[in-house]
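Heads up, the thing below is written out as C-alpha cells.
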There are 4 protein chains.
Amino acid sequence: MIIVLKPDSTPAEVDHVLDRIRELGLKPHVSAGEHRTIIGVIGDETKLRAEPLQAIAGVEQVLPIMKPFKLASREMTKKDTVVLVGKVKIGGGAMGMIAGPCAIESLDVLDEIAGKVKAAGANILRGGAFKPRTSPYSFQGLGEDGLKFLQDVGKKHDMPVVTEVMDPRQIPVVEKYADMFQIGARNMQNFDLLKEIGQTKKPVLMKRAMSATVKDLLMSAEYVLSEGNPNVVLCERGVRSFEDSTRNMLDLSAVPNVKGQSHLPIIVDPSHATGRPDLIPAMALASVAAGADGIHIEVHSCPEKALSDGPQALLPPRYAELMKQIRKVAEVMGKMF
Amino acid sequence: MIIVLKPDSTPAEVDHVLDRIRELGLKPHVSAGEHRTIIGVIGDETKLRAEPLQAIAGVEQVLPIMKPFKLASREMTKKDTVVLVGKVKIGGGAMGMIAGPCAIESLDVLDEIAGKVKAAGANILRGGAFKPRTSPYSFQGLGEDGLKFLQDVGKKHDMPVVTEVMDPRQIPVVEKYADMFQIGARNMQNFDLLKEIGQTKKPVLMKRAMSATVKDLLMSAEYVLSEGNPNVVLCERGVRSFEDSTRNMLDLSAVPNVKGQSHLPIIVDPSHATGRPDLIPAMALASVAAGADGIHIEVHSCPEKALSDGPQALLPPRYAELMKQIRKVAEVMGKMF
Amino acid sequence: MIIVLKPDSTPAEVDHVLDRIRELGLKPHVSAGEHRTIIGVIGDETKLRAEPLQAIAGVEQVLPIMKPFKLASREMTKKDTVVLVGKVKIGGGAMGMIAGPCAIESLDVLDEIAGKVKAAGANILRGGAFKPRTSPYSFQGLGEDGLKFLQDVGKKHDMPVVTEVMDPRQIPVVEKYADMFQIGARNMQNFDLLKEIGQTKKPVLMKRAMSATVKDLLMSAEYVLSEGNPNVVLCERGVRSFEDSTRNMLDLSAVPNVKGQSHLPIIVDPSHATGRPDLIPAMALASVAAGADGIHIEVHSCPEKALSDGPQALLPPRYAELMKQIRKVAEVMGKMF
Amino acid sequence: MIIVLKPDSTPAEVDHVLDRIRELGLKPHVSAGEHRTIIGVIGDETKLRAEPLQAIAGVEQVLPIMKPFKLASREMTKKDTVVLVGKVKIGGGAMGMIAGPCAIESLDVLDEIAGKVKAAGANILRGGAFKPRTSPYSFQGLGEDGLKFLQDVGKKHDMPVVTEVMDPRQIPVVEKYADMFQIGARNMQNFDLLKEIGQTKKPVLMKRAMSATVKDLLMSAEYVLSEGNPNVVLCERGVRSFEDSTRNMLDLSAVPNVKGQSHLPIIVDPSHATGRPDLIPAMALASVAAGADGIHIEVHSCPEKALSDGPQALLPPRYAELMKQIRKVAEVMGKMF
C-alpha cells in the first residue's frame, strides 16, 4: 500500500497517518520528496485495505499494490485449474462446448435441439428454467418442470447440463437436477447467492456482469472460492457500451487478461455478447484463437417461435458448420473437445 | 410495431411475416417502398413484443413504437405520485432528504449521526445492516442487530428509516424494522427480489444499476408495481463510464428524463455517484435544480474510522452547511422539505 | 513517481531500473516489502514521465504522483482565471451566457434570433460558419459569408461572437471576424490546431471530446496555454455512454472536478449534451447550481427549418422563460451575468 | 423514413407534417393506429434526412430506414474491395501485415526494426513522423526528416510504408514519401482532413475514433470515398470503456459487423487496443480468426528506450514467434500474406 500525502499536508497530519498504520501492526516507510511525501506500508495489505485512509485529512491518494483477490489469483495457484462438469473437462487444454436453447420450452423441443448440438460436437447442454427477464410481462420460465426436462434430455444424450439459478432458495432444486450452476450477468454481484453456491460442491459458470471490470469478475469468483467451492468457470459475455449496433460489446481481451491473473478457466458466450446471429460465428472462432476454454452458444431449431431471445439463436445446421471451423482453430491452438 | 424487410426479401417471406401477425389477431398494413417494404402493425403491441419476429428470414429490423412499461408510465398516470415514508412525503413538491452512515456500526455512532443530520434538516435516516461488498473479506453488516439499532434511533429522533434488502428471505425482518426498503444498484435486476417486494405495501427506494438505461430502471419499477405495490421512489446514483476520476458518472439528465416518461418520484444520491466528498455538495445542489424529489447523502462523524465507504461520507458540519444552501435552491424551485 | 516491481523480479532487474533512474539525475528510494519491492523517485517527475519504464523487465506498475498538466493546474495558479470576451467576463463570479443557432443560415434569421436572445439576457452570440457534420451529404456551413453575418449581427446587438474553427488554415479568417474561437468536441485533440490557436491572443472555448476524461480536457487546455494564450474557457457538453435516450451523457460533476484541479473557467452546453429540448432547461439550471461559469444553449426561431441540429434548439420564448429561472438560481449561487 | 406521431397529436399537426413531406416531392403513407399515427415516407430518404422533422410539434420519433452511407455500403458494392498499397494487397483474402515502431526515432533504429519485421513476414512498414501526443511536453515526432528515413528504409527492405497525417497541410509532404496515409483515431472526424485526403489517390488507413460507433466509422470512410478516393482500409483499434486494466477495449465484433455492411477491408491494431504486450498476441490471433484483413502491431527493438508508446511494443523475437502462429490461423481461415 502506498499513501500519497497532499502537497500542503502538515506534520501533524503525517503523524496521524503513521499512528493509524502502526495501530494495525504494520510498518510505515516515509519518503519526503520535493513536492509530496509518500508513505509505503510493509506488511499485510488486507488489514489496510479495509481502512478508509483516504478519508484522513492530508491524504491525497491511496494506491493498493497487491491484488484484492487471493484464492482466484495466479500467484496463489500457478497451474491452470481444470473444472469437471459430469465427465467433461473445462480448462488445461480441454474445452467446454456448451449449447442449447435460451429457455426450456418443452421436452420435445429441447430433445430435438439436444440431439442436434450433440451430433455437432457440443459436450454440455444448456437451457433456462428460471429466466431473468427485463419485463415482468415476458415468459419467466418453466421452473422445476423445466429442470426435469433438462435432466432427462441430458441423460438421454449423455451430456451434463447447466442452468441458471437466480435466487438462493432455488439452489437445492437446481442442485438436484443440474450438473453445473449458472450465475447470470445480473446476479454476478448477488453476494448472498454467491456465498451459498460457494457452500455446494457443484461447478459454477459465472457470467461477467454488464458493467463489471475483469477485477470485479475475479472478486465475485473469490466469493465462491472463499466459501470452499473451487469449481468456478468464468464467462465473458459482453459489457455495456455506446456501440448501438450490437446488444453488448464483447471484451475478448478479458480472456488473456483473466488467464494472466488467475488460474480459473474462462469461456466465451458470443450469443449474448452480440445478440446477432450474423456475428456469432466470427466471434466464436475469435474466442478460440484468443485462448478461451470453451464456447457457449444458443441454438434453437425454430428461433422465430422461441419463447426467449430467439433472434440471437443459431439454427442447428449453422451451428454444426461453425463447430467444424471451431475444431480447426482449436487444433491450431492445441485445444480439444 | 413496425417491421422493416430486407431489400432482397421474397414475396414468400413477406407472406410468412403477414401470417404470423394475423395469427396473433393483429392487422398488418403493408407499404411497399422503392428500396424496402415496411409493415406497420395495428393492435396490442404487447402481444407482438414477445414474438421473435427479428428471427424470421427476410426481416431486417423490428421497431417497437410503444414504451415497454405501462404502470410506471406518465401516459397511464398523468399526476405525480407522492410516496409516503412514515409521515414524510416524497414527490409532488415534497423532498425526501435521506442521510446517515453507509453501514450501521453501533448504536452510539448511529445515534450521534442521526441527531446531527436531523438537526441539519434531514427527514429520513439511512443505514445498512446487510451490506453488498465487492470483497468477501470486507465488513458484511450487523444484520438484525443493526436493524434494531436503526429502528430505535429512528424512533428516538422521529425519523422514518430506510435500509437495504439484498435477498428475498430478508424481506420479513427488514419489513419489521424499517419504513422503506432500499433495493441496491446491484440488485436492480434481481427479479425475484423485485417481485416479492412488490407483494408488500412498504415504500421502496430503487437505485439505478450501474449499467442500466433509464428504460431499464423504469422496467424494474414496473416489476414492483405490477405485483401491487405502488410506492416506488427511483434513485439516480451514477453509472459506469470511462471517466476514472470519479467512482461513477452521475447521469443527472435522468431526473427530467424520468419525469417526462413516468409519474414516479426520483431522488439523487451524489455520494455513490461521485465517491468524492469534494464533489458531493455541488452535485447535491445541481440535483435539486434539476428537479429531484430528494437527496440521499452519506454522513459519518468519523469517516476515517467508518467500516464501509468512509472516504465518500460528509462530516456532519459540512452536511449542515450544504443543507442551508439546498434549502435556498429548493425554494427557487418551489420545493420544500 | 512510484515503480512497483513484480514479485519475482531479480536483483539484476532491480539494478537495471535503478541505473535508468540515476542516468536521468534522479534519486531512487528502495523499499523492499514482504511481497514486492517498491522504488520511489524523488525529483522532477516530468523527466521520468517520458520514459517507458513500464517496458523494463521486472516492472509491474508505474504510478505517477504528480498531475501531468502544470499551467492549467490550481497548484500553479490559486486564483480563478477570468477570461474577457469582448467586454464580457467569464469566471470569478461572472457568467458567459452564450446563445444562438447551431449554424448561421442567413443574415435575417441570425438577426432575428440574436435580438431575441439578447433581450432574454444572453451576453455572447454563437453561430457556426464551418460545420463538422458526420455526413458528407449534410449542410457544411456558409464559410466566410457566415462569419461576416455573425460579426455584423454581433455588432448590431452589441454582443461579442464565438464560432467554431476546424482547421488551422481557418484561424486567420475566424480571428478577423470573431471575438472567441470555439474548438469543437471532435477537434479537442487536433493538436496542430491547439498549438496554432495557442499562438493567438483571442479567447478560446474548448469543448470536451466525447471520450475525453477530465484530465484529457485539461491536457488539451495545457497545449493552448503552453503556446502563450492564457484565455481558455472549458466546456462540458456530454460524453458517449450506453444510455440511448439522450444524445450524450452530461457529466456535470466535471464542473466541480475541473474547479478543484484548475483555475480555468468552465461552462456547460446542455443542448449538445442531451440533444432534447425537453431536458435542456432542467440541465441548464442544474449546471448553474453545480457552479458553472456560463451556459451555452442553441436557440432557433424555427427549429423545424434549421439547417443543422434543429431538433435540439429551444424556441426563443422558452429560452427567455428559462433565463428568468437561471437568474434566480445564479443569484442563490452568488453569480451574475 | 418512418415518422411516429405523439398519442395526443392534433389533426392540424398531422397535416403540417404531411405538407412538409409533400413539399420535398415525397409521398407519405398514413397508418392511423389505436394508440398512435404513423407516417411512412416513400422516396429518396436522403432528402428527408437533412430535415429536422423531429422538431415539429406532434412528432414523437423519426426512424430512418436506410443506412446513411452509400458508397461505403455493401448494397452499393457487393464484392470485397481490394486495396493495393505499393504491391501489397489488403482485402479479398490477402492480409496487410503492418509492423514497425510507434515513432520514427532515427535511421538506424528504424532500419534494424524493419529488417526484423520483414524477416518475420510483415509486408508493410509503419512509423510516425508527426505524432499526436496528449501532452505538449511529449516527443512530437521528427517531421519531414522522419518521412525521409521511412521512405529510405522501406525501399531498402522492399516494403511499402504507412505514416500518420494529422493536418491537411501535411498531405503533400506525406504523399511524397509514403505509400499510404494513416488517419489517426483522434482525427477520424477531422472532416477537412478527410475531404482533402479524398482528393488524393493514395490508399488510406482509417482508424476508428475512441468513441465512434461502427456507423460513425463508415460515415468517415464515406467522406473520403465521396471525394473520389476509393482506397480506404478501416482499422479497429479499441474504444473507450469503463474497464481500467486495458488502455482501450478492443471491439472485435466490429470486424464482421463492418464486413456485413460494407465492402471495405478492415484490419485490427491490438497494440493500441490493449496497450499491453501480454495481451497483444492473443488479440492478434483472435483478429485473424474474426476475419480481419490484416494486423497492425507496434514492434520496437528496445521498448524501454522508445520515444513513444514503448511499453506497448513487442520485441522482434516475440513478434516473429507470433507471426508463425498467425500464419497457421490465417491458413485455417483461407487467408494469406
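Chain labels follow the order of the C-alpha cells: the first chain is A, the next B, and so on; residue numbering restarts at 1 in every chain, and ligands are counted from 1 in their shown order.
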Taking a cut-off of 6 Å and counting only C-alpha atoms, can you build a table that, for each residue of chain B near chain D, reports the nearest atom pair and how far apart they are in Å (one decimal), sorted by chain then residue number, as JSON lines?
```
{"residue": "B:Gly33", "atom": "CA", "partner": "D:Ile42", "partner_atom": "CA", "distance": 5.3}
{"residue": "B:Ile42", "atom": "CA", "partner": "D:Gly33", "partner_atom": "CA", "distance": 5.3}
{"residue": "B:Ser241", "atom": "CA", "partner": "D:Phe242", "partner_atom": "CA", "distance": 4.9}
{"residue": "B:Phe242", "atom": "CA", "partner": "D:Phe242", "partner_atom": "CA", "distance": 4.3}
```
For this session: Would you mind listing what lies within 8 Å of Leu110 of chain B as a VMD selection string, with only C-alpha atoms counted and same-chain residues fewer than 4 positions away left out?
Result: chain B and resid 100 to 101 104 to 106 114 149 to 150 153
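Here atom CA of Ile280 of chain B and atom CA of Met97 of chain C stand 25.2 Å from one another.
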Exercise. Contacts of Arg318 of chain B at 10 Å or less, counting only C-alpha atoms, minus same-chain residues fewer than 6 places along, as a PyMOL selection string?
Worked result: chain B and resi 120+277+281+299
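One distance worth recording is that between atom CA of Leu285 of chain B and atom CA of Lys324 of chain B, which is 10.4 Å.
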For this session: Please run DSSP on the backbone and report, as number ranges by chain, all residues within segment 13-186 of chain D that come out as alpha helix (DSSP H).
Result: D: 13-23, 45-49, 107-120, 144-156, 171-177
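Close contacts of Val14 of chain A, defined as residues with an atom at most 9 Å away when counting only C-alpha atoms, with chain neighbours fewer than 3 positions off set aside, comprise Leu5, Ser9, Thr10, Pro11, Val17, Leu18, Asp19, Thr37, Gly58 and Val59 of chain A.
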For this session: For atom CA of Asn229 of chain C and atom CA of Val83 of chain C, determine how far apart the two atoms are, in Å to one decimal place.
Result: 11.0 Å
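When DSSP is run on the backbone, the residues of segment 283-317 of chain A that fall into strand (DSSP E) are Gly294, Ile295, His296, Ile297 and Glu298 of chain A.
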Exercise. Got a sec: who's within 12 Å of Phe337 of chain A, counting only C-alpha atoms, leaving out chain neighbours fewer than 5 positions off, as a PyMOL selection string?
Worked result: chain A and resi 87-98+118+120-124+288+293-295+323-324+326-331
For this session: For Ala290 of chain A, please output as a PyMOL selection string all residues within 7 Å (counting only C-alpha atoms; exclusion window: fewer than 2 positions along the same chain).
Result: (chain A and resi 255-256+286-288+292) or (chain D and resi 282-283+285-286)
Exercise. Quick one: residues within 9 Å of Lys305 of chain C, only C-alpha atoms counted, chain neighbours fewer than 5 positions away excluded, as an MDAnalysis selection string?
Worked result: (chainID C and resid 310) or (chainID D and resid 51:53 55)
